[in-house]
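Beneath this line is the structure, given in structure tokens, with notes to follow.
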Amino acid sequence: MSNPPSGREPDMTALAAADTLSLHPETVRILARSGAFPNAYKTGTGGPSARIRIPWADVEDYRQLQPRAAE
């Protein structure tokens, strides 16, 4: 696992993860709920409207598992 780049928090919002992975934020939320980011968690009381946080390491692991485009 890699460390987060300087200036970036270890736990990312769904929006930040979406930007990093070039995905739509709702796609990231769906992936988090489906277990693609095993250490993702909800803030606050964890209710339906709670914000999702995803550790940087989970985002990096997910990126490494994605197929590379042919050049």
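The way I read the labels, and the way they are meant: chains A, B, ... in the order of the structure tokens, residue 1 as the first residue of every chain, and ligand 1 as the first ligand shown, with later ones counted on from there.
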>> List as a ChimeraX atom specification the protein and nucleic acid residues near Glu26 (chain A), meaning an atom at most 12 Å away when only C-alpha atoms are counted, but skip any in the same chain fewer than 6 places from it.
In response: /A:13-19,32-33,51-52
>> Quick one: residues within 8 Å of Asp11 (chain A), only C-alpha atoms, excluding same-chain residues fewer than 5 positions away - as a ChimeraX atom specification?
In response: /A:53-56
>> DSSP on the backbone, alpha helix (DSSP H) only: what residues of chain A does that give? Format it as a PyMOL selection string.
In response: chain A and resi 14-21+25-34+56-65
>> Using Å and a single decimal, report how far CA of Pro67 (chain A) sits from CA of Thr27 (chain A).
In response: 17.3 Å
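Coordinates place CA of Arg68 (chain A) at a distance of 21.9 Å from CA of Ile30 (chain A).
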Backbone DSSP call of strand (DSSP E) for chain A, listed as a tab-separated table (two decimals) with N, CA and C atoms, in the first residue's frame:
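Just written: result-v8.tsv:
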```
chain	number	residue	atom	x	y	z
A	11	ASP	N	-8.10	9.73	4.47
A	11	ASP	CA	-9.48	9.32	4.22
A	11	ASP	C	-10.13	10.32	3.28
A	12	MET	N	-10.54	9.84	2.13
A	12	MET	CA	-11.08	10.69	1.07
A	12	MET	C	-12.60	10.69	1.10
A	13	THR	N	-13.18	11.78	0.63
A	13	THR	CA	-14.62	11.81	0.42
A	13	THR	C	-14.92	11.03	-0.86
A	41	TYR	N	-16.08	3.90	5.42
A	41	TYR	CA	-16.98	4.04	6.57
A	41	TYR	C	-17.81	5.30	6.41
A	42	LYS	N	-18.87	5.38	7.18
A	42	LYS	CA	-19.73	6.56	7.18
A	42	LYS	C	-19.39	7.42	8.39
A	52	ILE	N	-19.67	9.28	3.19
A	52	ILE	CA	-18.75	8.15	3.13
A	52	ILE	C	-17.32	8.67	3.09
A	53	ARG	N	-16.44	8.02	3.82
A	53	ARG	CA	-15.00	8.30	3.77
A	53	ARG	C	-14.31	7.01	3.34
A	54	ILE	N	-13.33	7.17	2.47
A	54	ILE	CA	-12.61	6.02	1.93
A	54	ILE	C	-11.12	6.24	2.17
A	55	PRO	N	-10.46	5.31	2.84
A	55	PRO	CA	-9.01	5.46	3.05
A	55	PRO	C	-8.26	5.49	1.72
```
> What gap, in Å, lies between CA of Ser49 (chain A) and CA of Gln66 (chain A)?
Replying inline: 28.8 Å
>> Quick one: residues within 8 Å of region 34-38 of chain A, only C-alpha atoms, excluding same-chain residues fewer than 5 positions away - as a VMD selection string?
In response: chain A and resid 54 58 to 59 62
